[in-house]
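Here the structure comes first, spelled out in C-alpha cells, and everything after it is commentary.
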Protein chains: 2
Amino acid sequence: MAATRPTMKDVAAEAGVSTMTVSRVVNGGSAVAPRTAARVEAAVRKLGYQRDDVARQLRRTHELSQIIGLLVDDVTDPFMAAVASAAEHVARQRGSVMLIGSSRADLRREREVIAAFTARRVDGLILTPAAGSHRFLRPAQAQGTKIVCVDRAAPGLEVDAVVVDNFGAVREAVQQLVARGHRRIGYLGDTPKIWTFGERRRGYLAALGAAGIIADPALVRDGVRNGPEAAAAVTGMLALPDPPTALLAGNELLAFGALTAAPRDLAFVAFDDFALAARLTPPVTVIAQDPVALATSAAHLLFARIHGDVSPPRTVVMPTRLIRRGSGELPGPFAA
Amino acid sequence: MAATRPTMKDVAAEAGVSTMTVSRVVNGGSAVAPRTAARVEAAVRKLGYQRDDVARQLRRTHELSQIIGLLVDDVTDPFMAAVASAAEHVARQRGSVMLIGSSRADLRREREVIAAFTARRVDGLILTPAAGSHRFLRPAQAQGTKIVCVDRAAPGLEVDAVVVDNFGAVREAVQQLVARGHRRIGYLGDTPKIWTFGERRRGYLAALGAAGIIADPALVRDGVRNGPEAAAAVTGMLALPDPPTALLAGNELLAFGALTAAPRDLAFVAFDDFALAARLTPPVTVIAQDPVALATSAAHLLFARIHGDVSPPRTVVMPTRLIRRGSGELPGPFAA
DNA sequence: AGCCAAGCTGTTAACGATACCAACCAGAAG
DNA sequence: CTTCTGGTTGGTATCGTTAACAGCTTGGCT
C-alpha cells in the first residue's frame, strides 16, 4: 500500500515520451500524433493517473483556481440550504468547485474560515455576512478575490449584493395586521446588527409608527437565534398582562419555533415561505422570497466579476410576495 | 489594480531576510530571534501577506491537504443539510475545509464532482452515494483517499458506512399500521436502487408479507423524487377504486409533498422527523433518526482513517425512534 | 538536389513554499 | 588563543505541472 499517486513523469516513462507530451494529451487541444496520444492514454489508464490540480494551479498562478467559497450562517437553515444548493449548481455549470463554511453568526469564525479559503486561492466568495464590520476583507479584495453578498449587505465593504426589500415587505405585512384591527403586534428577530434583521425590524416599527401605535419593548424580541428561543419568547409574550394579538416571525426557523407555542387564534405572519404553510391550521400567511433566485443571481454576478466585470458594485433587489393564507388575516380586537 | 498577491519573496525583501526565515516566522515553532521575527511580522502586515497553501501543499506532497469533500444528493433536503452542517463542523474542528457537491442523484455527475475533488487532493470523502456501482472509486481509494458513506452503503465498494436500520424501522411502523386495522397501505419512495430506499421498501414489503397481505403494485410508488411528485402520486392512489387507508412516506421531502394532497383521515407515517410535525392536524407520526449524529460519527470515522486507522471497514448502525403523534395511530377499517 | 513549412516532440525554467544541510556568530570552555 | 557548542540564518533542490522556445522529421515545392 504505497498509496502514492502517479505523476506525469510516471506516465511519461510508461509511455516512453516526455512529460510535456503527457501534459498535451491530458489537457487536449495541442497537436499530438494519434499514435503517441493513444500510447499515452493507455499509460494513463494503466496507472490510474489523474492530473494534479494543485501543481497545475501553482504553475498557472495567474489563471483562475476554479474554486469559489460560500459562507453561510448555518446550512441547517432552509433558506441557507437553498442558497448553497443554487450557488453550487451555478459553480458546477461554470466548471468550478465550491468550498462551504458556516460562521454560526460568529464574525471571528467567519474571518477564520475566509482566511482558510483565500489561502487556497479561491477566485471568489459568496457571503451571508455576520454582524460586524467586514473591513478585514479589503486586502483580499485588493488582491483580486471577488466578493458578492446574498441576503445581506456587508457593513464596511463595497461589494455587490443581492437582497430583497426587507423593510418594505415587513412594513406592508404589519400594515395589513393593523388594518385588520391589531394593535398589539409582536416581533421576533435575530439581532438587528445583522443587516437583514435590522431592515425587517425597521419595517415593523415604521408600520406601527405610521399607524400611531407606540411600540412596546416587551413585544419586540431581538437576538432570537433558533426555534426553541422563539418558542420561549412567544410563551413569554403571551404571559404578559396585555398579550399580543398578532405576531411577525422574522424568518423560517423562528416561525417554526413560534408556531409550536402560539395558539391558533393568534394572527401570524412569517418571513419566508415553507412547504407545509398551507397545511397548518390556520394556513400560514407568509412573506415569500425566492432563495434559489437570489443565490443564482449572486453566483452569476460573482462569475461575471471573476471574468473581468469591473463595473461599480451594484445591489440587486429581488421581489417578495405576501401570500395570504389565513393566519395573517385573522381579525384583531379593533376590527371594523 | 495589479491585483497580485505578495509572496514570501516580497516579504523577505521587505524585511531584509531570506524566504526561509519568513517561512519559519509564518509557520511558527522554529527558532527565530525575536527582533528578526518582529521585523518579518511587520513586513507581513504591511504587505498583507498570507501563506499560499497551494504552493505549500505542492512542496509537502506527502502531507495532508486538509481538505475533505462532501457529496450529497441535494443540500435542499433537510436531512442532507443537517449532514452537511455536522460534517463541516467536525472538519473545522480538525483544521480542514470542506468542498461540497451535489449529485442530484445522478451517478455520472457524482463521478465528475468526485474527480474534481480528488484532483484537488482531498484527504477524504464523505458520500451519500447515488444509485449504481461505485467501483470507479477504487483507484482513488488505492491512492490513499479515505472514503466514508453516510445514510447509505455504496454498492461495489468496501468502505465505512454510518446508517440506520431502515429495514427494521419501516417494518415496525408498517406492522403498527396493520395492527391498527389497515390493509391498504401505500408506500412512497425514491428508486430502490438507492440503498436506503431499497431497505425501506424491503421493510414495508416484509411487514405486509408477515401479515399475509399481498402488496398491491398500485400502492407502491418508487422513483418519487420530490414533493410535487409525491403529491401527484398520492392523488393518484386516492383516485383508485380501492384507495389506501394508510400511507408511509419514505423521507421528509416526500412527506411534505404527500401531506399537501392527503386528507386528514388518511393514516400517515413519515421517515424523518421535522419541526412542525406536532403542529399539524393530526400531529404526524414519524420514524426519527438523528442526521447530526450520523454525520458527526461519519466525519470522526473519516478523520480517524485519514490519521492512519487501517482497521477493516465497519458499518455503524445508529438508532431510530418511532414517535407516535397521532397520524400513524388512526384506526383502519379492520380495527378490532 | 535544395529549401521551407508544417507538424510533432523535447528541454529548460519557472510557479511559491519548505526540507535538508551548511554556514555563521557569540560566548563558554580548555 | 583555539575549539566547541548552540542558537540563528541562508543556500539549494524539489514538489508536479506547464509556458516558451528549440529541435527534429517529413514531405512538398521549385
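Scheme for the C-alpha cells: letters A, B, ... for chains in order shown; per-chain residue numbers from 1; ligand numbers from 1 in order shown.
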Open item on the list: Residues near region 283-287 of chain B, anyone? I mean within 12 Å using only C-alpha atoms (C1' of nucleotides), not counting same-chain ones fewer than 2 positions away, as a count of residues only.
Closed with: 60
So that each row is one residue of chain B with an atom at most 8 Å from chain A, can you give its shortest atom pair and the distance in Å to one decimal, using only C-alpha atoms, rows by chain and rising number, as JSON lines?
```
{"residue": "B:Met1", "atom": "CA", "partner": "A:Ala142", "partner_atom": "CA", "distance": 7.4}
{"residue": "B:Ala2", "atom": "CA", "partner": "A:Gln143", "partner_atom": "CA", "distance": 7.8}
{"residue": "B:Ala3", "atom": "CA", "partner": "A:Gln143", "partner_atom": "CA", "distance": 4.3}
{"residue": "B:Thr4", "atom": "CA", "partner": "A:Gln143", "partner_atom": "CA", "distance": 5.5}
{"residue": "B:Arg5", "atom": "CA", "partner": "A:Gln143", "partner_atom": "CA", "distance": 5.4}
{"residue": "B:Gly48", "atom": "CA", "partner": "A:Pro139", "partner_atom": "CA", "distance": 6.4}
{"residue": "B:Gln50", "atom": "CA", "partner": "A:Ala119", "partner_atom": "CA", "distance": 6.7}
{"residue": "B:Arg51", "atom": "CA", "partner": "A:Ala119", "partner_atom": "CA", "distance": 6.2}
{"residue": "B:Asp52", "atom": "CA", "partner": "A:Ala119", "partner_atom": "CA", "distance": 5.3}
{"residue": "B:Asp53", "atom": "CA", "partner": "A:Ala119", "partner_atom": "CA", "distance": 5.3}
{"residue": "B:Val54", "atom": "CA", "partner": "A:Arg120", "partner_atom": "CA", "distance": 5.9}
{"residue": "B:Ala55", "atom": "CA", "partner": "A:Leu58", "partner_atom": "CA", "distance": 5.9}
{"residue": "B:Gln57", "atom": "CA", "partner": "A:Val54", "partner_atom": "CA", "distance": 7.5}
{"residue": "B:Leu58", "atom": "CA", "partner": "A:Ala55", "partner_atom": "CA", "distance": 5.9}
{"residue": "B:Asp74", "atom": "CA", "partner": "A:Ser85", "partner_atom": "CA", "distance": 6.7}
{"residue": "B:Val75", "atom": "CA", "partner": "A:Ser85", "partner_atom": "CA", "distance": 5.7}
{"residue": "B:Thr76", "atom": "CA", "partner": "A:Ala81", "partner_atom": "CA", "distance": 5.3}
{"residue": "B:Pro78", "atom": "CA", "partner": "A:Thr76", "partner_atom": "CA", "distance": 7.0}
{"residue": "B:Ala81", "atom": "CA", "partner": "A:Thr76", "partner_atom": "CA", "distance": 5.3}
{"residue": "B:Ala82", "atom": "CA", "partner": "A:Thr76", "partner_atom": "CA", "distance": 5.4}
{"residue": "B:Ala84", "atom": "CA", "partner": "A:Val75", "partner_atom": "CA", "distance": 7.2}
{"residue": "B:Ser85", "atom": "CA", "partner": "A:Val75", "partner_atom": "CA", "distance": 5.7}
{"residue": "B:Glu88", "atom": "CA", "partner": "A:Gly101", "partner_atom": "CA", "distance": 6.8}
{"residue": "B:His89", "atom": "CA", "partner": "A:Ser102", "partner_atom": "CA", "distance": 7.9}
{"residue": "B:Val97", "atom": "CA", "partner": "A:Leu99", "partner_atom": "CA", "distance": 7.2}
{"residue": "B:Met98", "atom": "CA", "partner": "A:Leu99", "partner_atom": "CA", "distance": 5.6}
{"residue": "B:Leu99", "atom": "CA", "partner": "A:Leu99", "partner_atom": "CA", "distance": 4.2}
{"residue": "B:Ile100", "atom": "CA", "partner": "A:Met98", "partner_atom": "CA", "distance": 6.0}
{"residue": "B:Gly101", "atom": "CA", "partner": "A:Glu88", "partner_atom": "CA", "distance": 6.8}
{"residue": "B:Ser102", "atom": "CA", "partner": "A:Glu88", "partner_atom": "CA", "distance": 7.6}
{"residue": "B:Val113", "atom": "CA", "partner": "A:Val97", "partner_atom": "CA", "distance": 7.9}
{"residue": "B:Ala116", "atom": "CA", "partner": "A:Val97", "partner_atom": "CA", "distance": 7.2}
{"residue": "B:Phe117", "atom": "CA", "partner": "A:Val97", "partner_atom": "CA", "distance": 7.7}
{"residue": "B:Ala119", "atom": "CA", "partner": "A:Asp52", "partner_atom": "CA", "distance": 5.3}
{"residue": "B:Arg120", "atom": "CA", "partner": "A:Asp53", "partner_atom": "CA", "distance": 5.5}
{"residue": "B:Arg121", "atom": "CA", "partner": "A:Val54", "partner_atom": "CA", "distance": 7.4}
{"residue": "B:Pro139", "atom": "CA", "partner": "A:Gly48", "partner_atom": "CA", "distance": 6.4}
{"residue": "B:Ala142", "atom": "CA", "partner": "A:Ala3", "partner_atom": "CA", "distance": 5.9}
{"residue": "B:Gln143", "atom": "CA", "partner": "A:Ala3", "partner_atom": "CA", "distance": 4.3}
{"residue": "B:Gly144", "atom": "CA", "partner": "A:Ala3", "partner_atom": "CA", "distance": 4.9}
{"residue": "B:Phe256", "atom": "CA", "partner": "A:Ala275", "partner_atom": "CA", "distance": 6.3}
{"residue": "B:Gly257", "atom": "CA", "partner": "A:Ala275", "partner_atom": "CA", "distance": 7.8}
{"residue": "B:Leu259", "atom": "CA", "partner": "A:Arg279", "partner_atom": "CA", "distance": 7.4}
{"residue": "B:Thr260", "atom": "CA", "partner": "A:Arg279", "partner_atom": "CA", "distance": 6.3}
{"residue": "B:Ala275", "atom": "CA", "partner": "A:Phe256", "partner_atom": "CA", "distance": 6.3}
{"residue": "B:Leu276", "atom": "CA", "partner": "A:Phe256", "partner_atom": "CA", "distance": 6.4}
{"residue": "B:Ala278", "atom": "CA", "partner": "A:Thr260", "partner_atom": "CA", "distance": 7.8}
{"residue": "B:Arg279", "atom": "CA", "partner": "A:Thr260", "partner_atom": "CA", "distance": 6.3}
{"residue": "B:Leu280", "atom": "CA", "partner": "A:Leu280", "partner_atom": "CA", "distance": 5.6}
{"residue": "B:Thr281", "atom": "CA", "partner": "A:Leu280", "partner_atom": "CA", "distance": 7.1}
```
### Message
Which of region 13-130 of chain A end up as alpha helix (DSSP H) when DSSP is run on this backbone - answer as an MDAnalysis selection string?
### Response
chainID A and resid 13:15 19:27 34:47 53:59 78:93 107:119
Considering only strand (DSSP E or B) as DSSP defines it on the backbone, what residues of region 56-147 of chain A qualify? List them as a short mmCIF file (atom, residue, chain, number, x, y, z; two decimals) with N, CA, C and O atoms, in the first residue's frame.
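Output file result-v7.cif is given in full below:
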```cif
data_model
loop_
_atom_site.label_atom_id
_atom_site.label_comp_id
_atom_site.auth_asym_id
_atom_site.auth_seq_id
_atom_site.Cartn_x
_atom_site.Cartn_y
_atom_site.Cartn_z
N ILE A 67 -12.12 27.58 -7.94
CA ILE A 67 -12.71 27.28 -6.65
C ILE A 67 -13.41 28.54 -6.16
O ILE A 67 -12.83 29.63 -6.23
N ILE A 68 -14.65 28.42 -5.73
CA ILE A 68 -15.27 29.54 -5.05
C ILE A 68 -15.60 29.11 -3.62
O ILE A 68 -15.62 27.92 -3.32
N GLY A 69 -15.82 30.08 -2.76
CA GLY A 69 -16.14 29.78 -1.37
C GLY A 69 -17.51 30.34 -1.04
O GLY A 69 -17.86 31.42 -1.49
N LEU A 70 -18.27 29.58 -0.27
CA LEU A 70 -19.57 30.06 0.18
C LEU A 70 -19.56 30.10 1.70
O LEU A 70 -19.17 29.13 2.35
N LEU A 71 -19.96 31.21 2.24
CA LEU A 71 -20.02 31.31 3.68
C LEU A 71 -21.43 31.65 4.13
O LEU A 71 -21.94 32.71 3.78
N VAL A 72 -22.03 30.76 4.89
CA VAL A 72 -23.38 30.99 5.39
C VAL A 72 -23.37 30.93 6.92
O VAL A 72 -22.38 30.52 7.52
N VAL A 97 -15.47 24.25 -8.41
CA VAL A 97 -15.95 23.55 -7.22
C VAL A 97 -16.18 24.58 -6.12
O VAL A 97 -15.71 25.72 -6.22
N MET A 98 -16.90 24.18 -5.10
CA MET A 98 -17.28 25.15 -4.07
C MET A 98 -16.93 24.68 -2.67
O MET A 98 -17.31 23.58 -2.27
N LEU A 99 -16.20 25.50 -1.97
CA LEU A 99 -15.95 25.26 -0.54
C LEU A 99 -17.11 25.84 0.23
O LEU A 99 -17.65 26.89 -0.14
N ILE A 100 -17.51 25.18 1.31
CA ILE A 100 -18.58 25.74 2.11
C ILE A 100 -18.13 25.87 3.56
O ILE A 100 -17.37 25.04 4.06
N GLY A 101 -18.56 26.94 4.20
CA GLY A 101 -18.23 27.14 5.61
C GLY A 101 -19.40 27.77 6.32
O GLY A 101 -20.20 28.46 5.70
N SER A 102 -19.52 27.50 7.61
CA SER A 102 -20.57 28.14 8.40
C SER A 102 -19.94 29.05 9.44
O SER A 102 -19.01 28.65 10.13
N GLY A 124 -13.40 33.55 -5.79
CA GLY A 124 -14.39 34.48 -5.27
C GLY A 124 -15.13 33.90 -4.08
O GLY A 124 -15.02 32.71 -3.78
N LEU A 125 -15.87 34.77 -3.41
CA LEU A 125 -16.61 34.38 -2.22
C LEU A 125 -18.06 34.84 -2.32
O LEU A 125 -18.34 35.95 -2.77
N ILE A 126 -18.97 33.98 -1.91
CA ILE A 126 -20.36 34.37 -1.74
C ILE A 126 -20.63 34.36 -0.24
O ILE A 126 -20.38 33.35 0.42
N LEU A 127 -21.08 35.47 0.27
CA LEU A 127 -21.22 35.61 1.73
C LEU A 127 -22.63 35.95 2.16
O LEU A 127 -23.31 36.73 1.50
N LYS A 146 -12.90 38.13 -5.67
CA LYS A 146 -14.18 38.78 -5.88
C LYS A 146 -15.15 38.39 -4.77
O LYS A 146 -15.12 37.25 -4.29
N ILE A 147 -16.01 39.31 -4.41
CA ILE A 147 -16.92 39.06 -3.29
C ILE A 147 -18.33 39.52 -3.64
O ILE A 147 -18.50 40.61 -4.19
#
```
Find the residues of chain D in contact range of chain B, meaning any atom within 9 Å when counting only C-alpha atoms (C1' of nucleotides), and list them as JSON, numbers by chain. {"D": [7, 8, 9, 10, 14, 15, 16]}
### Task
Excluding DC4 (chain D) and any residue of its chain fewer than 2 positions from it, enumerate the residues within 12 Å of it, using only C-alpha atoms (C1' of nucleotides), and give them as a ChimeraX atom specification.
/C:26-30 /D:2,6
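The neighbours of DA6 (chain C) here are the residues that come within 12 Å of it, using only C-alpha atoms (C1' of nucleotides) and leaving out any residue fewer than 2 positions away in the same chain; they are Ala31 of chain A; DC4 and DC8 of chain C; DT25, DT26, DG27 and DG28 of chain D.
Residue-level contacts from chain C to chain A at 10 Å, counting only C-alpha atoms (C1' of nucleotides), read DG7, DC8, DT9, DG10, DT11, DA14, DC15 and DG16 of chain C.
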For the residues selected in the previous step, produce a file with C-alpha atoms (C1' of nucleotides) as a CSV table (one decimal), in the first residue's frame.
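Output saved as out_9.csv:
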```csv
chain,number,residue,atom,x,y,z
C,7,DG,C1',3.7,19.1,-37.6
C,8,DC,C1',5.3,16.8,-33.7
C,9,DT,C1',8.3,16.3,-29.6
C,10,DG,C1',11.7,17.6,-26.2
C,11,DT,C1',14.4,20.9,-23.0
C,14,DA,C1',9.7,28.8,-13.6
C,15,DC,C1',5.2,29.0,-10.1
C,16,DG,C1',5.6,29.7,-4.1
```
Skip region 212-222 of chain B itself and residues of its chain fewer than 4 positions away, then list as a VMD selection string all residues within 8 Å of it, counting only C-alpha atoms (C1' of nucleotides). chain B and resid 183 to 192 205 208 233 237 244
Expected file: the selected residues, C-alpha atoms, as a CSV table (one decimal), in the first residue's frame:
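This went into again_27.csv:
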```csv
chain,number,residue,atom,x,y,z
B,183,ARG,CA,-54.7,-3.5,4.9
B,184,ARG,CA,-54.4,-1.0,2.0
B,185,ILE,CA,-51.2,0.8,2.9
B,186,GLY,CA,-49.4,3.0,0.4
B,187,TYR,CA,-45.6,3.4,0.1
B,188,LEU,CA,-43.7,6.4,-1.4
B,189,GLY,CA,-40.0,6.2,-2.0
B,190,ASP,CA,-37.3,7.1,-4.4
B,191,THR,CA,-35.7,4.4,-6.5
B,192,PRO,CA,-34.9,1.2,-4.6
B,205,LEU,CA,-43.0,-5.5,2.0
B,208,LEU,CA,-47.1,-6.7,4.7
B,233,ALA,CA,-48.6,10.0,-6.5
B,237,MET,CA,-53.6,6.5,-5.2
B,244,PRO,CA,-55.3,3.2,0.6
```
Of C:DC3, C:DA19, C:DC24, C:DT12, the one nearest to DA22 (chain D) when counting only C-alpha atoms (C1' of nucleotides) is C:DT12
